[in-house]
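Enquirer: Just one file: final.tsv, with TSV, C-alpha atoms and all ligand atoms.
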```
chain	number	residue	atom	x	y	z
A	1	MET	CA	-16.62	-1.89	51.01
A	2	ASP	CA	-16.64	1.09	48.67
A	3	ARG	CA	-19.15	0.84	45.88
A	4	LYS	CA	-17.95	1.92	42.47
A	5	TYR	CA	-20.20	4.50	40.86
A	6	VAL	CA	-20.51	5.05	37.15
A	7	THR	CA	-21.91	8.59	37.04
A	8	GLU	CA	-19.44	11.35	37.81
A	9	MET	CA	-20.30	13.57	40.79
A	10	VAL	CA	-18.60	16.96	41.19
A	11	PRO	CA	-18.90	19.75	43.77
A	12	ALA	CA	-21.05	22.67	42.63
A	13	ASP	CA	-18.15	25.13	42.53
A	14	ALA	CA	-17.22	27.31	39.54
A	15	ALA	CA	-15.43	24.43	37.77
A	16	GLY	CA	-18.34	22.03	38.41
A	17	ILE	CA	-20.90	24.51	37.12
A	18	ALA	CA	-18.82	25.17	33.97
A	19	ARG	CA	-18.57	21.43	33.38
A	20	ALA	CA	-22.33	21.03	33.86
A	21	ALA	CA	-22.95	23.78	31.30
A	22	GLU	CA	-20.69	21.96	28.84
A	23	VAL	CA	-22.45	18.60	29.30
A	24	LEU	CA	-25.85	20.28	28.88
A	25	ARG	CA	-24.76	22.07	25.67
A	26	GLU	CA	-23.84	18.67	24.26
A	27	GLY	CA	-27.34	17.37	25.02
A	28	GLY	CA	-26.40	15.45	28.18
A	29	LEU	CA	-28.26	14.89	31.46
A	30	VAL	CA	-27.10	16.65	34.64
A	31	ALA	CA	-28.61	16.41	38.13
A	32	VAL	CA	-28.66	19.90	39.60
A	33	PRO	CA	-29.45	21.24	43.07
A	34	THR	CA	-32.42	23.60	43.39
A	35	GLU	CA	-34.11	25.09	46.46
A	36	THR	CA	-36.93	22.51	46.13
A	37	VAL	CA	-35.40	19.12	45.23
A	38	TYR	CA	-32.60	17.99	42.87
A	39	GLY	CA	-33.65	18.32	39.25
A	40	LEU	CA	-32.66	16.13	36.31
A	41	ALA	CA	-31.82	18.77	33.72
A	42	ALA	CA	-31.47	18.66	29.94
A	43	ARG	CA	-31.66	21.43	27.37
A	44	ALA	CA	-35.35	22.06	26.71
A	45	ASP	CA	-34.80	23.01	23.07
A	46	LYS	CA	-33.52	19.63	21.85
A	47	GLU	CA	-35.90	16.74	21.27
A	48	ASP	CA	-33.17	14.09	21.88
A	49	ALA	CA	-32.00	15.62	25.13
A	50	VAL	CA	-35.56	15.80	26.50
A	51	ALA	CA	-36.26	12.23	25.39
A	52	ARG	CA	-33.27	11.11	27.47
A	53	ILE	CA	-34.91	12.55	30.63
A	54	TYR	CA	-38.02	10.43	30.10
A	55	ARG	CA	-35.88	7.34	29.48
A	56	ALA	CA	-33.56	7.85	32.47
A	57	LYS	CA	-36.51	8.31	34.84
A	58	GLY	CA	-38.83	5.76	33.24
A	59	ARG	CA	-41.34	8.59	33.14
A	60	PRO	CA	-44.60	8.25	31.19
A	61	SER	CA	-44.46	10.49	28.13
A	62	PHE	CA	-47.84	12.08	28.88
A	63	ASN	CA	-46.36	13.79	31.95
A	64	PRO	CA	-45.01	17.21	30.92
A	65	LEU	CA	-41.83	18.78	32.31
A	66	ILE	CA	-41.18	22.08	34.06
A	67	VAL	CA	-38.97	24.45	32.06
A	68	HIS	CA	-36.45	26.35	34.19
A	69	VAL	CA	-35.45	29.84	33.17
A	70	ARG	CA	-33.30	32.71	34.46
A	71	ASP	CA	-36.07	35.22	34.96
A	72	ARG	CA	-39.44	36.49	33.83
A	73	GLN	CA	-38.01	37.96	30.62
A	74	GLN	CA	-36.76	34.59	29.46
A	75	ALA	CA	-40.01	32.97	30.63
A	76	ALA	CA	-42.07	35.45	28.61
A	77	TYR	CA	-40.35	34.31	25.42
A	78	PHE	CA	-41.86	30.84	25.86
A	79	GLY	CA	-45.12	31.56	27.67
A	80	ASP	CA	-47.84	34.19	27.78
A	81	PHE	CA	-47.55	36.14	31.04
A	82	ALA	CA	-50.21	38.73	30.29
A	83	GLY	CA	-52.27	39.95	33.25
A	84	THR	CA	-52.02	38.54	36.76
A	85	ALA	CA	-49.62	35.73	35.81
A	86	GLY	CA	-46.93	38.31	35.05
A	87	VAL	CA	-47.54	40.14	38.32
A	88	VAL	CA	-47.32	36.90	40.30
A	89	ALA	CA	-44.09	35.86	38.58
A	90	GLU	CA	-42.58	39.28	39.23
A	91	LEU	CA	-43.50	39.04	42.90
A	92	VAL	CA	-42.35	35.49	43.65
A	93	TRP	CA	-39.50	34.74	41.24
A	94	PRO	CA	-36.87	33.60	41.67
A	95	GLY	CA	-38.48	31.03	43.94
A	96	PRO	CA	-40.38	27.75	44.35
A	97	LEU	CA	-43.45	28.62	42.24
A	98	THR	CA	-44.17	27.09	38.83
A	99	MET	CA	-46.60	28.93	36.56
A	100	VAL	CA	-48.60	27.04	33.92
A	101	VAL	CA	-49.33	29.55	31.13
A	102	PRO	CA	-50.37	29.41	27.45
A	103	ARG	CA	-47.44	28.35	25.28
A	104	VAL	CA	-46.12	30.82	22.70
A	105	GLY	CA	-45.71	28.94	19.40
A	106	ASP	CA	-42.49	28.38	17.46
A	107	ARG	CA	-40.05	29.29	20.18
A	108	GLY	CA	-37.95	26.18	19.73
A	109	LEU	CA	-39.06	24.17	22.76
A	110	ALA	CA	-38.91	20.41	22.22
A	111	GLU	CA	-42.44	19.05	21.71
A	112	ALA	CA	-42.00	16.42	24.42
A	113	VAL	CA	-41.52	19.12	27.07
A	114	ALA	CA	-45.19	20.09	27.08
A	115	ALA	CA	-46.35	16.54	26.25
A	116	GLY	CA	-48.66	17.94	23.59
A	117	LEU	CA	-50.44	20.45	25.87
A	118	PRO	CA	-51.14	24.01	24.67
A	119	THR	CA	-49.65	25.25	27.95
A	120	VAL	CA	-46.12	25.30	29.34
A	121	ALA	CA	-44.93	25.12	32.95
A	122	LEU	CA	-42.18	27.68	33.74
A	123	ARG	CA	-40.14	28.45	36.84
A	124	ALA	CA	-37.19	30.70	37.72
A	125	PRO	CA	-35.40	28.92	40.59
A	126	SER	CA	-33.60	30.81	43.36
A	127	HIS	CA	-30.83	28.31	44.19
A	128	PRO	CA	-27.49	30.10	43.56
A	129	VAL	CA	-26.00	27.09	41.74
A	130	MET	CA	-28.97	26.72	39.41
A	131	ARG	CA	-28.97	30.47	38.77
A	132	ALA	CA	-25.25	30.49	37.98
A	133	LEU	CA	-25.79	27.59	35.59
A	134	LEU	CA	-28.71	29.28	33.82
A	135	GLU	CA	-26.52	32.38	33.37
A	136	GLN	CA	-23.92	30.33	31.49
A	137	ILE	CA	-26.21	28.79	28.91
A	138	ASP	CA	-28.43	30.33	26.27
A	139	PHE	CA	-31.22	27.74	26.41
A	140	PRO	CA	-33.76	26.87	29.15
A	141	LEU	CA	-33.58	23.62	31.12
A	142	ALA	CA	-36.30	20.99	31.31
A	143	ALA	CA	-35.93	19.43	34.75
A	144	PRO	CA	-38.22	17.06	36.65
A	145	SER	CA	-37.09	15.64	39.98
A	146	ALA	CA	-33.92	13.56	39.68
A	147	ASN	CA	-35.33	10.17	40.71
A	148	ARG	CA	-36.78	7.09	39.03
A	149	SER	CA	-40.42	7.75	38.23
A	150	GLY	CA	-42.78	7.13	41.13
A	151	PHE	CA	-40.14	6.92	43.84
A	152	ILE	CA	-39.02	9.36	46.52
A	153	SER	CA	-37.72	12.75	45.35
A	154	PRO	CA	-34.03	13.52	46.00
A	155	THR	CA	-32.97	16.24	48.42
A	156	SER	CA	-29.27	15.36	48.35
A	157	ALA	CA	-26.72	14.38	45.71
A	158	GLU	CA	-26.48	10.95	47.38
A	159	HIS	CA	-30.20	10.38	46.86
A	160	VAL	CA	-29.74	11.14	43.15
A	161	ARG	CA	-26.82	8.76	42.87
A	162	ALA	CA	-28.72	5.96	44.61
A	163	SER	CA	-31.58	6.29	42.11
A	164	LEU	CA	-29.94	7.25	38.81
A	165	ASP	CA	-26.29	6.13	38.88
A	166	GLY	CA	-25.25	4.99	35.41
A	167	ARG	CA	-28.33	6.51	33.75
A	168	ILE	CA	-27.19	10.16	33.68
A	169	ASP	CA	-23.98	11.99	32.77
A	170	LEU	CA	-23.17	14.16	35.78
A	171	ILE	CA	-24.31	15.05	39.30
A	172	LEU	CA	-23.61	18.53	40.64
A	173	ASP	CA	-23.37	18.23	44.42
A	174	GLY	CA	-24.69	21.43	45.98
A	175	GLY	CA	-25.52	20.00	49.42
A	176	PRO	CA	-29.00	19.43	50.83
A	177	CYS	CA	-32.03	21.24	49.36
A	178	GLU	CA	-33.46	23.92	51.62
A	179	ASP	CA	-37.22	23.74	50.95
A	180	GLY	CA	-37.20	20.00	50.37
A	181	LEU	CA	-40.56	19.83	48.56
A	182	GLU	CA	-41.36	20.34	44.88
A	183	SER	CA	-42.57	23.77	43.76
A	184	THR	CA	-46.15	24.91	44.12
A	185	ILE	CA	-47.80	24.79	40.66
A	186	LEU	CA	-50.27	27.56	39.79
A	187	HIS	CA	-52.44	27.97	36.74
A	188	ILE	CA	-54.58	31.12	36.36
A	189	ASP	CA	-57.28	30.37	33.81
A	190	GLY	CA	-58.82	32.73	31.24
A	191	GLY	CA	-61.49	33.76	33.74
A	192	GLY	CA	-58.87	34.73	36.34
A	193	VAL	CA	-59.58	31.71	38.57
A	194	TRP	CA	-56.55	30.33	40.41
A	195	HIS	CA	-55.92	26.57	40.23
A	196	GLU	CA	-53.38	25.01	42.57
A	197	LEU	CA	-52.18	22.05	40.50
A	198	ARG	CA	-49.74	21.00	43.21
A	199	PRO	CA	-49.34	22.34	46.77
A	200	GLY	CA	-45.77	23.27	47.72
A	201	PRO	CA	-43.59	25.78	49.54
A	202	ILE	CA	-45.46	28.85	48.25
A	203	ASN	CA	-48.79	29.43	50.00
A	204	LEU	CA	-51.17	30.57	47.26
A	205	ALA	CA	-53.89	31.83	49.61
A	206	ALA	CA	-51.38	34.17	51.28
A	207	LEU	CA	-50.08	35.26	47.87
A	208	HIS	CA	-53.60	35.92	46.65
A	209	ASP	CA	-54.25	38.09	49.72
A	210	ILE	CA	-51.19	40.22	48.93
A	211	LEU	CA	-52.44	40.89	45.40
A	212	PHE	CA	-56.16	41.22	46.02
A	213	ASP	CA	-58.52	42.37	48.76
A	214	PRO	CA	-57.97	39.95	51.67
A	215	HIS	CA	-61.47	40.79	52.95
A	216	ASN	CA	-62.92	39.40	49.78
A	217	PRO	CA	-61.11	36.07	49.48
A	218	VAL	CA	-61.51	34.12	46.27
A	219	GLU	CA	-61.58	30.37	46.33
A	220	ILE	CA	-58.41	28.72	45.07
A	221	ARG	CA	-59.35	25.51	43.30
A	222	ARG	CA	-57.23	22.57	44.33
A	223	GLY	CA	-55.88	19.70	42.32
A	224	THR	CA	-57.76	19.72	39.08
A	225	GLY	CA	-58.16	22.46	36.57
A	226	GLU	CA	-59.94	22.91	33.30
A	227	ARG	CA	-59.51	20.17	30.70
A	228	GLY	CA	-55.97	19.73	29.57
A	229	ILE	CA	-54.24	21.52	32.42
A	230	GLU	CA	-54.41	18.86	35.09
A	231	ALA	CA	-50.94	18.08	36.37
A	232	PRO	CA	-50.42	14.38	35.71
A	233	GLY	CA	-47.78	14.40	38.48
A	234	GLN	CA	-50.79	14.42	40.78
A	235	LEU	CA	-51.28	10.70	40.35
A	236	ALA	CA	-52.48	8.84	43.42
A	237	SER	CA	-49.33	6.79	44.03
A	238	HIS	CA	-45.99	8.55	44.15
A	239	TYR	CA	-42.99	9.08	46.47
A	240	SER	CA	-43.25	5.44	47.56
A	241	PRO	CA	-40.60	4.04	49.92
A	242	GLY	CA	-41.42	0.63	48.43
A	243	LYS	CA	-43.27	-0.72	51.49
A	244	PRO	CA	-46.63	-0.09	53.17
A	245	VAL	CA	-46.99	3.31	54.87
A	246	ARG	CA	-49.42	3.99	57.77
A	247	LEU	CA	-50.34	7.65	58.34
A	248	ASN	CA	-51.39	9.55	61.49
A	249	ALA	CA	-49.66	7.02	63.72
A	250	THR	CA	-49.10	8.02	67.34
A	251	GLN	CA	-47.00	4.99	68.21
A	252	ALA	CA	-44.97	2.45	66.26
A	253	GLU	CA	-46.34	-1.05	65.98
A	254	ALA	CA	-44.20	-4.17	65.58
A	255	GLU	CA	-42.03	-4.17	62.45
A	256	GLU	CA	-42.67	-0.50	61.72
A	257	PHE	CA	-40.03	2.12	61.01
A	258	MET	CA	-41.48	5.18	62.73
A	259	ILE	CA	-41.17	8.74	61.40
A	260	GLY	CA	-42.00	11.12	64.25
A	261	PHE	CA	-43.12	14.73	64.44
A	262	GLY	CA	-43.33	17.09	67.44
A	263	GLN	CA	-44.36	15.18	70.59
A	264	VAL	CA	-44.59	11.88	68.72
A	265	PRO	CA	-41.15	10.25	68.75
A	266	GLY	CA	-39.75	7.94	66.09
A	267	ASP	CA	-36.67	6.21	64.72
A	268	VAL	CA	-36.20	9.57	63.00
A	269	THR	CA	-38.25	12.74	63.30
A	270	LEU	CA	-39.49	15.26	60.75
A	271	SER	CA	-39.12	17.96	63.39
A	272	ALA	CA	-38.76	17.39	67.13
A	273	SER	CA	-39.95	20.95	67.75
A	274	GLY	CA	-43.05	20.52	65.56
A	275	ASP	CA	-41.88	23.02	62.92
A	276	VAL	CA	-43.61	22.30	59.57
A	277	ASN	CA	-40.91	24.07	57.54
A	278	GLU	CA	-38.22	21.89	59.06
A	279	ALA	CA	-40.49	18.89	58.44
A	280	ALA	CA	-40.78	19.81	54.75
A	281	SER	CA	-37.04	20.00	54.31
A	282	ARG	CA	-36.56	16.65	56.08
A	283	LEU	CA	-39.53	14.74	54.63
A	284	TYR	CA	-37.86	12.99	51.70
A	285	GLY	CA	-34.67	12.32	53.69
A	286	CYS	CA	-36.79	10.52	56.32
A	287	LEU	CA	-38.68	8.57	53.62
A	288	HIS	CA	-35.34	7.52	52.09
A	289	LEU	CA	-34.22	6.25	55.52
A	290	SER	CA	-37.49	4.37	55.98
A	291	SER	CA	-36.96	2.78	52.59
A	292	ALA	CA	-33.40	1.70	53.45
A	293	SER	CA	-34.42	0.32	56.86
A	294	ASP	CA	-34.73	-3.45	57.29
A	295	ARG	CA	-38.21	-3.07	58.76
A	296	PRO	CA	-40.99	-4.01	56.32
A	297	HIS	CA	-43.48	-1.28	57.32
A	298	VAL	CA	-43.42	2.49	57.80
A	299	ALA	CA	-45.53	4.64	60.15
A	300	VAL	CA	-45.70	8.44	60.13
A	301	ALA	CA	-46.86	10.76	62.92
A	302	PRO	CA	-49.66	13.27	62.18
A	303	VAL	CA	-48.53	16.56	60.62
A	304	PRO	CA	-50.84	19.59	61.00
A	305	GLU	CA	-52.60	20.93	57.87
A	306	GLU	CA	-51.13	24.38	58.37
A	307	GLY	CA	-48.79	26.30	56.06
A	308	VAL	CA	-46.54	23.91	54.16
A	309	GLY	CA	-48.10	21.09	56.25
A	310	ARG	CA	-50.74	20.82	53.50
A	311	ALA	CA	-48.07	20.05	50.93
A	312	ILE	CA	-46.38	17.56	53.28
A	313	ASN	CA	-49.67	15.71	53.81
A	314	ASP	CA	-50.32	15.71	50.06
A	315	ARG	CA	-46.98	13.91	49.53
A	316	LEU	CA	-47.54	11.55	52.47
A	317	ARG	CA	-50.95	10.48	51.15
A	318	ARG	CA	-49.35	9.59	47.82
A	319	ALA	CA	-46.47	7.77	49.55
A	320	ALA	CA	-49.10	5.71	51.41
A	321	THR	CA	-51.08	4.79	48.28
A	322	PRO	CA	-50.04	1.41	46.86
A	323	PRO	CA	-48.87	1.66	43.21
A	324	ASP	CA	-51.54	-0.84	42.17
A	325	ASN	CA	-54.22	1.73	42.94
A	326	ASP	CA	-52.89	3.84	40.12
A	327	GLN	CA	-54.19	3.09	36.66
A	328	SER	CA	-51.12	4.44	34.98
A	329	SER	CA	-48.42	3.86	37.55
A	330	SER	CA	-46.73	7.07	38.41
A	331	GLY	CA	-45.77	10.61	37.65
A	332	SER	CA	-42.31	11.84	38.28
B	1	LIG	P1	-41.87	17.11	38.44
B	1	LIG	O1	-41.79	15.92	37.59
B	1	LIG	O2	-41.73	16.78	39.89
B	1	LIG	O3	-40.97	18.19	37.99
B	1	LIG	O4	-43.33	17.66	38.30
B	1	LIG	C1	-43.72	18.40	37.19
B	1	LIG	C2	-45.16	18.70	37.34
B	1	LIG	O5	-45.52	19.78	36.50
B	1	LIG	C3	-46.00	17.53	36.95
B	1	LIG	O6	-47.05	17.38	37.88
B	1	LIG	C4	-46.54	17.96	35.61
B	1	LIG	O7	-47.71	17.34	35.29
B	1	LIG	C5	-46.70	19.45	35.82
B	1	LIG	N1	-46.75	20.18	34.54
B	1	LIG	C6	-45.75	20.43	33.72
B	1	LIG	N2	-46.19	21.08	32.62
B	1	LIG	C7	-47.50	21.25	32.76
B	1	LIG	C8	-48.52	21.84	31.97
B	1	LIG	N3	-48.28	22.39	30.78
B	1	LIG	N4	-49.77	21.83	32.45
B	1	LIG	C9	-50.02	21.26	33.65
B	1	LIG	N5	-49.12	20.70	34.43
B	1	LIG	C10	-47.87	20.69	34.01
B	2	MG	MG	-40.97	14.29	40.72
```
Translate this structure into structure tokens?
Ligand code: AMP
Ligand code: MG

Expert:
Amino acid sequence: MDRKYVTEMVPADAAGIARAAEVLREGGLVAVPTETVYGLAARADKEDAVARIYRAKGRPSFNPLIVHVRDRQQAAYFGDFAGTAGVVAELVWPGPLTMVVPRVGDRGLAEAVAAGLPTVALRAPSHPVMRALLEQIDFPLAAPSANRSGFISPTSAEHVRASLDGRIDLILDGGPCEDGLESTILHIDGGGVWHELRPGPINLAALHDILFDPHNPVEIRRGTGERGIEAPGQLASHYSPGKPVRLNATQAEAEEFMIGFGQVPGDVTLSASGDVNEAASRLYGCLHLSSASDRPHVAVAPVPEEGVGRAINDRLRRAATPPDNDQSSSGS
């Protein structure tokens, strides 16, 4: 039986992108494909529009949003890219790296975007649909992942619809997301120290080596930064398939939906060939399948801590943490 959906979904062709631009101008909510995951976009310069994102997701208001821009020039209007931050942005953008930089005052960003922080998170995405959309509008887009807060991030338009149907105005269907994991978040503090606020597709150690002497490696601090720049999205429980998850499993036990990797088989596999990049792009799709399965438990094969494997394991640990362990429920 065909289910009736409330939210309109259109292909991300020229007409779809023009329609999305129109809805956004009016202050509406549009789910858009990016190279990381689908984003739930609203114009970042209107308080009402941004408030609608928090409502649609059920997102705690202390969790700030990433502002998506065309390029470094537009980013530099809203944030201070002096020094290394500007060099890094120039090197990596457009791409899956978010930079947390000091906010430039009075540039018309809605207050709720930065959730009261003196910093702002900015990213220029590389997905052709998102870039075409940003070319057609004269405001930046606030866009967290297009899912109900705390649940699995969407890597397809269908995932968005399953989570947010009826709560948003439009879904632009641009096919599956290539990277499949949220952007790496980097903050470079006043002393030049790099803080990885969230691991992701961009490997900061490798990036640091390109910019500085690789024979004199500098420690990249993980997870927490100086006061006020912690990424609240790093809450312990997140990406939950809604049932218990067992990690580093080499074999399924009774009643478990098994997610395999490499030599370890499963009901589905992250990557039969043991490729961590393929595993990243398939991770959320596999978690969605585990969630939809009629089995009450989920088991996941070990994934090596190499390359983007670190970011995959970061997400898996959060998926395996019961929501009750989190003081404040969840992030995004
Ligand atoms: P998402 O909801 O998946 O888009 O994740 C956005 C992430 O960016 C969250 O972890 C936020 O806490 C983080 N973030 C956004 N703005 C800032 C900021 N100004 N300082 C630190 N983290 C930020
Ligand atoms: Mg999210």

Enquirer: Calculate how many Å separate CA of Ser149 in chain A from CA of Ile202 in chain A, rounding to one decimal.

Expert: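 One can read the CA of Ser149 in chain A to CA of Ile202 in chain A distance as 23.9 Å.
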
Enquirer: Smallest atom-to-atom distance to Gln74 in chain A: which of A:Val6, A:Ala206, A:Leu122, A:Ala311, using all atoms listed in the file?

Expert: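 Comparing A:Val6, A:Ala206, A:Leu122, A:Ala311 against Gln74 in chain A, the winner is A:Leu122.
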
Enquirer: Quick one: which chain A residues come within 9 Å of ligand MG 2 (chain B), and what is the nearest atom pair for each with the distance in Å to one decimal, counting all atoms listed in the file, rows ordered by chain and ascending number, as JSON lines?

Expert:
```
{"residue": "A:Val37", "atom": "CA", "partner": "B:MG2", "partner_atom": "MG", "distance": 8.6}
{"residue": "A:Gly39", "atom": "CA", "partner": "B:MG2", "partner_atom": "MG", "distance": 8.5}
{"residue": "A:Pro144", "atom": "CA", "partner": "B:MG2", "partner_atom": "MG", "distance": 5.6}
{"residue": "A:Ser145", "atom": "CA", "partner": "B:MG2", "partner_atom": "MG", "distance": 4.2}
{"residue": "A:Ala146", "atom": "CA", "partner": "B:MG2", "partner_atom": "MG", "distance": 7.2}
{"residue": "A:Asn147", "atom": "CA", "partner": "B:MG2", "partner_atom": "MG", "distance": 7.0}
{"residue": "A:Arg148", "atom": "CA", "partner": "B:MG2", "partner_atom": "MG", "distance": 8.5}
{"residue": "A:Ser149", "atom": "CA", "partner": "B:MG2", "partner_atom": "MG", "distance": 7.0}
{"residue": "A:Gly150", "atom": "CA", "partner": "B:MG2", "partner_atom": "MG", "distance": 7.4}
{"residue": "A:Phe151", "atom": "CA", "partner": "B:MG2", "partner_atom": "MG", "distance": 8.0}
{"residue": "A:Ile152", "atom": "CA", "partner": "B:MG2", "partner_atom": "MG", "distance": 7.9}
{"residue": "A:Ser153", "atom": "CA", "partner": "B:MG2", "partner_atom": "MG", "distance": 5.9}
{"residue": "A:Pro154", "atom": "CA", "partner": "B:MG2", "partner_atom": "MG", "distance": 8.8}
{"residue": "A:Glu182", "atom": "CA", "partner": "B:MG2", "partner_atom": "MG", "distance": 7.4}
{"residue": "A:Gly233", "atom": "CA", "partner": "B:MG2", "partner_atom": "MG", "distance": 7.2}
{"residue": "A:His238", "atom": "CA", "partner": "B:MG2", "partner_atom": "MG", "distance": 8.4}
{"residue": "A:Tyr239", "atom": "CA", "partner": "B:MG2", "partner_atom": "MG", "distance": 8.0}
{"residue": "A:Gly331", "atom": "CA", "partner": "B:MG2", "partner_atom": "MG", "distance": 6.8}
{"residue": "A:Ser332", "atom": "CA", "partner": "B:MG2", "partner_atom": "MG", "distance": 3.7}
```

Enquirer: Tell me, in Å to one decimal, how far CA of Pro323 in chain A is from CA of Ser237 in chain A.

Expert: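 Rounded to one decimal, the two atoms are 5.2 Å apart.
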
Enquirer: Give one line per residue of range 111-217 of chain A that approaches range 284-292 of chain A to at most 12 Å, naming the two atoms of the closest pair and their distance in Å to one decimal, counting only C-alpha atoms; sort by chain then ascending residue number and deliver it as a tab-separated table.

Expert:
```
residue	atom	partner	partner_atom	distance
A:Asn147	CA	A:Tyr284	CA	11.6
A:Phe151	CA	A:His288	CA	9.6
A:Ile152	CA	A:Tyr284	CA	6.4
A:Ser153	CA	A:Tyr284	CA	6.4
A:Pro154	CA	A:Tyr284	CA	6.9
A:Thr155	CA	A:Tyr284	CA	6.7
A:Ser156	CA	A:Gly285	CA	8.2
A:Ala157	CA	A:Gly285	CA	11.5
A:Glu158	CA	A:Gly285	CA	10.4
A:His159	CA	A:His288	CA	7.9
A:Val160	CA	A:His288	CA	11.2
A:Ala162	CA	A:His288	CA	10.1
A:Ser163	CA	A:His288	CA	10.7
A:Pro176	CA	A:Gly285	CA	9.5
A:Cys177	CA	A:Gly285	CA	10.3
A:Glu178	CA	A:Tyr284	CA	11.8
A:Asp179	CA	A:Tyr284	CA	10.8
A:Gly180	CA	A:Tyr284	CA	7.2
A:Leu181	CA	A:Tyr284	CA	8.0
A:Glu182	CA	A:Tyr284	CA	10.6
```

Enquirer: Please compute the CA of Gly27 in chain A-atom C2 of ligand LIG 1 (chain B) distance, one decimal, in Å.

Expert: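 Atom-to-atom, CA of Gly27 in chain A to atom C2 of ligand LIG 1 (chain B), that is 21.7 Å.
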
Enquirer: Closest to Arg198 in chain A among A:Ile210, A:Ala82, A:Thr98, A:Ala51, using only C-alpha atoms?

Expert: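 Nearest to Arg198 in chain A: A:Thr98.
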
Enquirer: So that I can check the surroundings of range 165-168 of chain A, please list as a PyMOL selection string every protein, DNA and RNA residue that reaches within 12 Å of it, counting only C-alpha atoms and ignoring chain neighbours fewer than 3 positions away.

Expert: chain A and resi 3-9+20+23-24+27-32+39-42+49+52-58+146-148+157-162+171-172

Enquirer: Skipping near chain neighbours, those fewer than 4 positions away, what residues fall within 7 Å of Val120 in chain A using only C-alpha atoms, listed as a PyMOL selection string?

Expert: chain A and resi 79+100-103+114

Enquirer: From the options A:Glu253, A:Glu111, A:Asp13, A:Asp106, which residue's atoms come nearest to ligand LIG 1 (chain B), counting only C-alpha atoms and all ligand atoms?

Expert: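 Using only C-alpha atoms and all ligand atoms, the shortest distance to ligand LIG 1 (chain B) belongs to A:Glu111.
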
Enquirer: Of the residues A:Glu90, A:Pro199, A:Ala115, A:Arg318, which is the one nearest to Pro60 in chain A, using all atoms listed in the file?

Expert: A:Ala115

Enquirer: At a cut-off of 12 Å, using all atoms listed in the file, what residues contact Arg317 in chain A? Leave out same-chain residues fewer than 3 positions from it and give the result as a list in words.

Expert: Gln234, Leu235, Ala236, Ser237, His238, Tyr239, Ser240, Pro244, Val245, Arg246, Leu247, Asn248, Val300, Pro302, Val303, Arg310, Ala311, Ile312, Asn313, Asp314, Ala320, Thr321 and Pro322 of chain A

Enquirer: With a distance cut-off of 8 Å and all atoms listed in the file, select the neighbouring residues of Val104 in chain A, excluding the residue or stretch itself and same-chain residues fewer than 5 positions from it, and output the selection as a PyMOL selection string.

Expert: chain A and resi 77-80

Enquirer: Kindly indicate which residue among A:Ala272, A:Ala121, A:Val193, A:Ala279 lies nearest to ligand LIG 1 (chain B), using all atoms listed in the file for the distances.

Expert: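 The answer is A:Ala121, which sits nearest to ligand LIG 1 (chain B).
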
Enquirer: Please determine, counting all atoms listed in the file, which residue among A:Gly16, A:Pro296, A:Pro96, A:Gly274 has the shortest atom-to-atom distance to Glu35 in chain A.

Expert: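 So, comparing all the options, the nearest one is A:Pro96.
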
Enquirer: Within 6 Å of (-38.3, 27.0, 29.3) in the file's own coordinates, which protein, DNA or RNA residues have an atom, counting all atoms listed in the file? List them as a list in words.

Expert: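 Counting all atoms listed in the file, I find these residues within 6 Å of (-38.3, 27.0, 29.3): Val67, His68, Val69, Leu122 and Pro140 of chain A.
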
Enquirer: For the residues selected in the previous step, produce a file with C-alpha atoms as a tab-separated table (two decimals), in the frame of the given file.

Expert:
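Wrote selection.tsv, looks like this:
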```tsv
chain	number	residue	atom	x	y	z
A	67	VAL	CA	-38.97	24.45	32.06
A	68	HIS	CA	-36.45	26.35	34.19
A	69	VAL	CA	-35.45	29.84	33.17
A	122	LEU	CA	-42.18	27.68	33.74
A	140	PRO	CA	-33.76	26.87	29.15
```
